[in-house]
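One structure below.
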Amino acid sequence: MPRAARVTRRPARAKKQARSEEDPVEPVLRWLREKGATQVKIAGVDLDGVLRGKYVSLEKFASAARGGLGFCDVVFGWDLADDLYDNARVTGWHTGYPDLQARIDLSTARMIPWEPATAAFLLDFVMPDGSDYEPSPRALLRRVGERARAMGFLPKFGSEYEFFIFRETPSSLRAKGFQNLETLDPGMFGYSWLRTSQSSDLVHALLDGCNAFGLDVEGFHTETGPGVYETAIRYDVLEPAADKSVLFKSAVKEICARCDLTACFMSKPSARLPGCSGHVHQSLWTLDGARNAFHDPRADHGLSETFRHYLGGQLRLMPELTALYWPNVNSYKRSVENTWAPTSATWGRENRTCALRVIGIDPKSMRVEFRLLGADMNPYVGMAASLAAGLWGIENRIDPGEPVTGNAYRSDAAPLPRNLRDAVALLDRSTVARELLGEEFVDHYLRTRTWEVRQYERAVTTWELERYFELA
């Protein structure tokens with residue numbers, strides 16, 4: 001009996017081992033153990049580009065990594081301030097705010113350098129049958145990326161962010177009513193060697209932390225403005241580039257908070273100063289990554305026909321897609337003449353007054369800098385919409401016309417909408433937006449931006465109080 005029992009147990013162990021080797025979760029669990037992780041932070045991205053998540057135990061993570069987990073769909077039913085939408089269809093009191101299915105993307109594994117023994121993963125929101133949850137920004141980007149690949153292109157994107165750093169905490173911000181805030185540094189001092197050295201402890205904490213977090217910082221410098229910095233994240237394939245963008249913003253905020261500082265990515269925090277950009281550099285390559293489809297050595301200035309049509313699509317659709325690029329009421333305060341942000345749908349070679357700046361003359365560097373986007377963008381939405389517009393231009397052979405030389409603010413090109421209400425109206429009338437991005441996504445997005453407009457229109461601002469309180 002003992003011998004027979006041993007014989008039957010050996011194949012069972014072998015079978016169990018084979019199942020373990022086939023299990024894609026097992027290597028991740030082994031990696032977590034090797035890294036000494038004792039908990040995992042998981043998060044999905046909402047429509048405003050905010051990470052919504054929680055800590056889970058290793059045991060819960062293992063279970064969720066194999067079978068998914070429930071995540072309350074209220075994250076698509078409220079705004080930045082957790083105020084519930086009164087006009088959403090996808091969820092609300094009428095649905096009872098049920099759980100969405102969430103799936104852990106194991107490819108996003110990383111350790112959080114500034115949190116002991118903590119790993120981080122991003123989530124995808126899916127339907128019960130495993131298909132995309134249409135309002136999800138991450139799912140939107142993946143669908144547009146798949147379309148690019150079906151057309152024979154590998155998109156490579158890279159973002160750069162400008163942001164203010166204040167010597168304030170969440171409590172002091174509110175105590176001061178967000179007025180008369182102290183910036184990290186005084187004065188206007190762009191590209192300052194001195195300022196970065198004066199704040200070297202913080203600068204190195206940001207650089208080392210972001211790089212250890214897998215965000216690949218390529219450049220870091222002061223911008224023109226008190227306590228303003230700009231960071232360029234190394235380009236990557238489309239989907240991880242967007243992941244790095246959303247994680248970068250959170251990483252900077254978290255690292256600054258540990259120093260009793262606040263990082264602000266608001267598009268225009270001060271009427272007196274330039275706004276904060278979120279420019280995205282874009283190029284299309286062959287599927288094997290061997291050749292830049294934007295470059296043609298036989299063409300004028302090396303701009304391939306594919307590149308010109310890509311620019312043409314982005315320019316043609318830019319006004320009607322602006323609500324996707326400038327998602328907030330404040331976004332439009334950045335678009336002011338002679339402040340480095342575009343006011344019309346223009347393109348030019350090495351021209352920073354244009355909405356689209358073509359950079360490079362050789363196959364390695366040729367790309368477009370999409371300058372319309374601000375630091376408050378949802379990177380998944382901004383990247384998806386701009387890529388979709390470019391692909392549409394390629395499909396429809398849209399010519400961009402001649403590049404703008406000199407001051408694009410003096411151009412007679414198509415103007416961009418001046419406020420969120422007008423931008424929403426243009427998007428609502430756009431049949432192309434629904435074709436490219438999906439009816440369900442566009443419908444939900446429009447409802448959330450209409451809500452945002454209504455919240456602003458009934459607000460009483462400090463400007464109104466100062467102007468009308470005593471004398472009206």
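Identifiers for the structure tokens are assigned positionally: chains receive A, B, ... in sequence, residues are indexed from 1 per chain, and ligands are indexed from 1 in the order shown.
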Exercise for the section: Determine, counting only C-alpha atoms, which protein, DNA and RNA residues have an atom within 8 Å of an atom of stretch 67-74 of chain A; residues of the same chain fewer than 5 positions away are not included. Present the result as a ChimeraX atom specification. Expected result: /A:91-92,97-104
What does the file look like for those residues with C-alpha atoms, as a short mmCIF file (atom, residue, chain, number, x, y, z; two decimals), in the first residue's frame?
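File written: out_18.cif
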data_model
loop_
_atom_site.label_atom_id
_atom_site.label_comp_id
_atom_site.auth_asym_id
_atom_site.auth_seq_id
_atom_site.Cartn_x
_atom_site.Cartn_y
_atom_site.Cartn_z
CA THR A 91 -24.21 54.13 -14.13
CA GLY A 92 -26.10 56.04 -11.47
CA TYR A 97 -23.78 51.48 -8.82
CA PRO A 98 -22.86 47.81 -9.29
CA ASP A 99 -19.36 46.38 -9.53
CA LEU A 100 -17.46 46.43 -12.78
CA GLN A 101 -15.18 43.56 -13.58
CA ALA A 102 -11.54 44.59 -13.32
CA ARG A 103 -8.63 42.66 -14.75
CA ILE A 104 -5.05 43.16 -13.56
#
Exercise for the section: Return as number ranges by chain the full set of residues in stretch 278-419 of chain A whose backbone-based DSSP assignment is helix (DSSP H, G or I). Expected result: A: 300-302, 305-325, 329-333, 379-396, 408-410
Exercise for the section: Report as a count of residues only: the residues of stretch 123-291 of chain A with a DSSP assignment of strand (DSSP E), based on the backbone of this structure. Expected result: 42
Report as a compact mmCIF listing (two decimals) with C-alpha atoms, in the first residue's frame all protein, DNA and RNA residues lying within 12 Å of stretch 460-468 of chain A, evaluated on only C-alpha atoms, omitting residues in the same chain fewer than 4 positions from it.
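Listing of result_28.txt after writing:
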# COMPACT_ATOMS: atom_id res chain seq x y z
CA GLY A 177 -8.39 79.39 -0.21
CA PHE A 178 -5.85 78.52 -2.93
CA GLN A 179 -4.72 82.17 -2.91
CA ALA A 271 -3.49 84.42 -15.10
CA GLN A 455 -20.75 73.13 -12.40
CA TYR A 456 -18.69 76.08 -13.61
CA ALA A 472 -22.69 96.43 -8.45
For A:Leu123, work out the shell of residues within 9 Å, counting only C-alpha atoms and skipping chain neighbours fewer than 5 positions away, then give it as a PDB file with all heavy atoms, in the first residue's frame.
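Saved to result_20.pdb:
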ATOM      1  N   ILE A  42      -3.218  48.493  -6.577  1.00  0.00           N
ATOM      2  CA  ILE A  42      -3.808  48.338  -7.903  1.00  0.00           C
ATOM      3  C   ILE A  42      -4.691  49.553  -8.189  1.00  0.00           C
ATOM      4  O   ILE A  42      -5.287  50.121  -7.274  1.00  0.00           O
ATOM      5  CB  ILE A  42      -4.628  47.046  -8.016  1.00  0.00           C
ATOM      6  CG1 ILE A  42      -5.698  46.960  -6.921  1.00  0.00           C
ATOM      7  CG2 ILE A  42      -3.716  45.823  -7.961  1.00  0.00           C
ATOM      8  CD1 ILE A  42      -6.624  45.775  -7.043  1.00  0.00           C
ATOM      9  N   ALA A  43      -4.746  49.957  -9.458  1.00  0.00           N
ATOM     10  CA  ALA A  43      -5.545  51.138  -9.796  1.00  0.00           C
ATOM     11  C   ALA A  43      -5.960  51.101 -11.252  1.00  0.00           C
ATOM     12  O   ALA A  43      -5.217  50.633 -12.117  1.00  0.00           O
ATOM     13  CB  ALA A  43      -4.769  52.427  -9.524  1.00  0.00           C
ATOM     14  N   GLY A  44      -7.168  51.610 -11.495  1.00  0.00           N
ATOM     15  CA  GLY A  44      -7.630  51.891 -12.843  1.00  0.00           C
ATOM     16  C   GLY A  44      -7.669  53.387 -13.047  1.00  0.00           C
ATOM     17  O   GLY A  44      -7.538  54.167 -12.096  1.00  0.00           O
ATOM     18  N   VAL A  45      -7.844  53.809 -14.291  1.00  0.00           N
ATOM     19  CA  VAL A  45      -7.829  55.230 -14.624  1.00  0.00           C
ATOM     20  C   VAL A  45      -9.239  55.666 -15.014  1.00  0.00           C
ATOM     21  O   VAL A  45      -9.885  55.032 -15.846  1.00  0.00           O
ATOM     22  CB  VAL A  45      -6.855  55.516 -15.783  1.00  0.00           C
ATOM     23  CG1 VAL A  45      -6.816  57.000 -16.111  1.00  0.00           C
ATOM     24  CG2 VAL A  45      -5.466  55.020 -15.422  1.00  0.00           C
ATOM     25  N   GLY A  53      -7.799  53.494  -6.990  1.00  0.00           N
ATOM     26  CA  GLY A  53      -7.348  52.164  -6.637  1.00  0.00           C
ATOM     27  C   GLY A  53      -7.332  51.890  -5.150  1.00  0.00           C
ATOM     28  O   GLY A  53      -7.924  52.628  -4.353  1.00  0.00           O
ATOM     29  N   ALA A 102     -12.867  44.013 -13.091  1.00  0.00           N
ATOM     30  CA  ALA A 102     -11.537  44.585 -13.316  1.00  0.00           C
ATOM     31  C   ALA A 102     -10.536  43.460 -13.506  1.00  0.00           C
ATOM     32  O   ALA A 102     -10.590  42.437 -12.803  1.00  0.00           O
ATOM     33  CB  ALA A 102     -11.126  45.473 -12.151  1.00  0.00           C
ATOM     34  N   ARG A 103      -9.638  43.654 -14.445  1.00  0.00           N
ATOM     35  CA  ARG A 103      -8.628  42.661 -14.753  1.00  0.00           C
ATOM     36  C   ARG A 103      -7.253  43.291 -14.549  1.00  0.00           C
ATOM     37  O   ARG A 103      -6.989  44.383 -15.061  1.00  0.00           O
ATOM     38  CB  ARG A 103      -8.807  42.186 -16.191  1.00  0.00           C
ATOM     39  CG  ARG A 103      -7.908  41.045 -16.633  1.00  0.00           C
ATOM     40  CD  ARG A 103      -8.355  40.521 -17.996  1.00  0.00           C
ATOM     41  NE  ARG A 103      -8.418  41.598 -18.980  1.00  0.00           N
ATOM     42  CZ  ARG A 103      -9.224  41.586 -20.036  1.00  0.00           C
ATOM     43  NH1 ARG A 103     -10.050  40.579 -20.230  1.00  0.00           N
ATOM     44  NH2 ARG A 103      -9.197  42.590 -20.905  1.00  0.00           N
ATOM     45  N   ILE A 104      -6.391  42.631 -13.814  1.00  0.00           N
ATOM     46  CA  ILE A 104      -5.049  43.159 -13.556  1.00  0.00           C
ATOM     47  C   ILE A 104      -4.163  42.936 -14.775  1.00  0.00           C
ATOM     48  O   ILE A 104      -4.066  41.820 -15.291  1.00  0.00           O
ATOM     49  CB  ILE A 104      -4.431  42.487 -12.313  1.00  0.00           C
ATOM     50  CG1 ILE A 104      -5.255  42.804 -11.064  1.00  0.00           C
ATOM     51  CG2 ILE A 104      -2.984  42.940 -12.118  1.00  0.00           C
ATOM     52  CD1 ILE A 104      -4.795  42.081  -9.821  1.00  0.00           C
ATOM     53  N   ASP A 105      -3.545  44.003 -15.251  1.00  0.00           N
ATOM     54  CA  ASP A 105      -2.599  43.910 -16.358  1.00  0.00           C
ATOM     55  C   ASP A 105      -1.230  43.574 -15.776  1.00  0.00           C
ATOM     56  O   ASP A 105      -0.527  44.441 -15.236  1.00  0.00           O
ATOM     57  CB  ASP A 105      -2.557  45.236 -17.123  1.00  0.00           C
ATOM     58  CG  ASP A 105      -1.671  45.165 -18.365  1.00  0.00           C
ATOM     59  OD1 ASP A 105      -0.857  44.220 -18.469  1.00  0.00           O
ATOM     60  OD2 ASP A 105      -1.777  46.060 -19.223  1.00  0.00           O
ATOM     61  N   LEU A 106      -0.843  42.317 -15.890  1.00  0.00           N
ATOM     62  CA  LEU A 106       0.396  41.849 -15.267  1.00  0.00           C
ATOM     63  C   LEU A 106       1.635  42.478 -15.903  1.00  0.00           C
ATOM     64  O   LEU A 106       2.693  42.544 -15.277  1.00  0.00           O
ATOM     65  CB  LEU A 106       0.481  40.322 -15.364  1.00  0.00           C
ATOM     66  CG  LEU A 106      -0.639  39.556 -14.651  1.00  0.00           C
ATOM     67  CD1 LEU A 106      -0.456  38.049 -14.843  1.00  0.00           C
ATOM     68  CD2 LEU A 106      -0.686  39.887 -13.161  1.00  0.00           C
ATOM     69  N   THR A 108       2.173  45.493 -16.336  1.00  0.00           N
ATOM     70  CA  THR A 108       2.457  46.814 -15.748  1.00  0.00           C
ATOM     71  C   THR A 108       3.148  46.709 -14.390  1.00  0.00           C
ATOM     72  O   THR A 108       3.247  47.706 -13.675  1.00  0.00           O
ATOM     73  CB  THR A 108       1.144  47.614 -15.594  1.00  0.00           C
ATOM     74  OG1 THR A 108       0.263  46.933 -14.685  1.00  0.00           O
ATOM     75  CG2 THR A 108       0.449  47.789 -16.927  1.00  0.00           C
ATOM     76  N   ARG A 138      -8.423  53.637 -20.983  1.00  0.00           N
ATOM     77  CA  ARG A 138      -7.346  52.707 -21.334  1.00  0.00           C
ATOM     78  C   ARG A 138      -7.801  51.754 -22.443  1.00  0.00           C
ATOM     79  O   ARG A 138      -7.027  51.415 -23.343  1.00  0.00           O
ATOM     80  CB  ARG A 138      -6.900  51.943 -20.091  1.00  0.00           C
ATOM     81  CG  ARG A 138      -5.516  51.299 -20.210  1.00  0.00           C
ATOM     82  CD  ARG A 138      -4.950  50.907 -18.859  1.00  0.00           C
ATOM     83  NE  ARG A 138      -3.571  50.484 -18.980  1.00  0.00           N
ATOM     84  CZ  ARG A 138      -3.185  49.215 -19.036  1.00  0.00           C
ATOM     85  NH1 ARG A 138      -4.083  48.244 -18.956  1.00  0.00           N
ATOM     86  NH2 ARG A 138      -1.908  48.899 -19.152  1.00  0.00           N
TER      87      ARG A 138
END
Handout entry: d(atom CA of A:Ser192, atom CA of A:Glu223) in Å
Key = 8.0 Å
Practice task
Would you kindly return, as a PyMOL selection string, each protein, DNA or RNA residue with an atom no farther than 7 Å from any atom of A:Ile361, considering only C-alpha atoms and excluding same-chain residues fewer than 4 positions away?
Solution key: chain A and resi 301-302+365-366
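Going from atom CA of A:Asp300 to atom CA of A:Pro319 covers 27.6 Å.
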Fill in the blank from the handout: From the list A:Ala242, A:Met266, A:Leu321, A:Ile165, the nearest residue to A:Asp185 using only C-alpha atoms is A:Ile165
Handout entry: A:Lys244, A:Asp260, A:Gly214, A:Asp201 ranked by distance to A:Leu173, top pick (using only C-alpha atoms)
Key =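 Using only C-alpha atoms, the shortest distance to A:Leu173 belongs to A:Asp260.
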Exercise for the section: Give me the residues within 7 Å of A:Arg357 as a ChimeraX atom specification, counting only C-alpha atoms and dropping any in the same chain fewer than 2 places off. Expected result: /A:347-352,354-355,359,368-370
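Of the residues listed (A:Leu372, A:Met151, A:Ala251, A:Val56), A:Ala251 shows the shortest atom-to-atom separation from A:Phe213; distances use only C-alpha atoms.
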Problem - d(atom CA of A:Glu182, atom CA of A:Lys333) in Å - result: 21.6 Å
Handout entry: Selection near A:Thr322, 9 Å with only C-alpha atoms, sequence-local residues under 5 positions removed, as a VMD selection string
Key = chain A and resid 317 327 372 416 to 417 420 423 to 424 426 to 427
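Each of A:Thr224, A:Thr346, A:Ser250, A:Asn180 was checked against A:Gly209 using only C-alpha atoms; the smallest atom-to-atom distance is that of A:Ser250.
Here the question is which of A:His221, A:Arg258, A:Arg167, A:Arg458 gets nearest to A:Arg195 using only C-alpha atoms, and that residue is A:His221.
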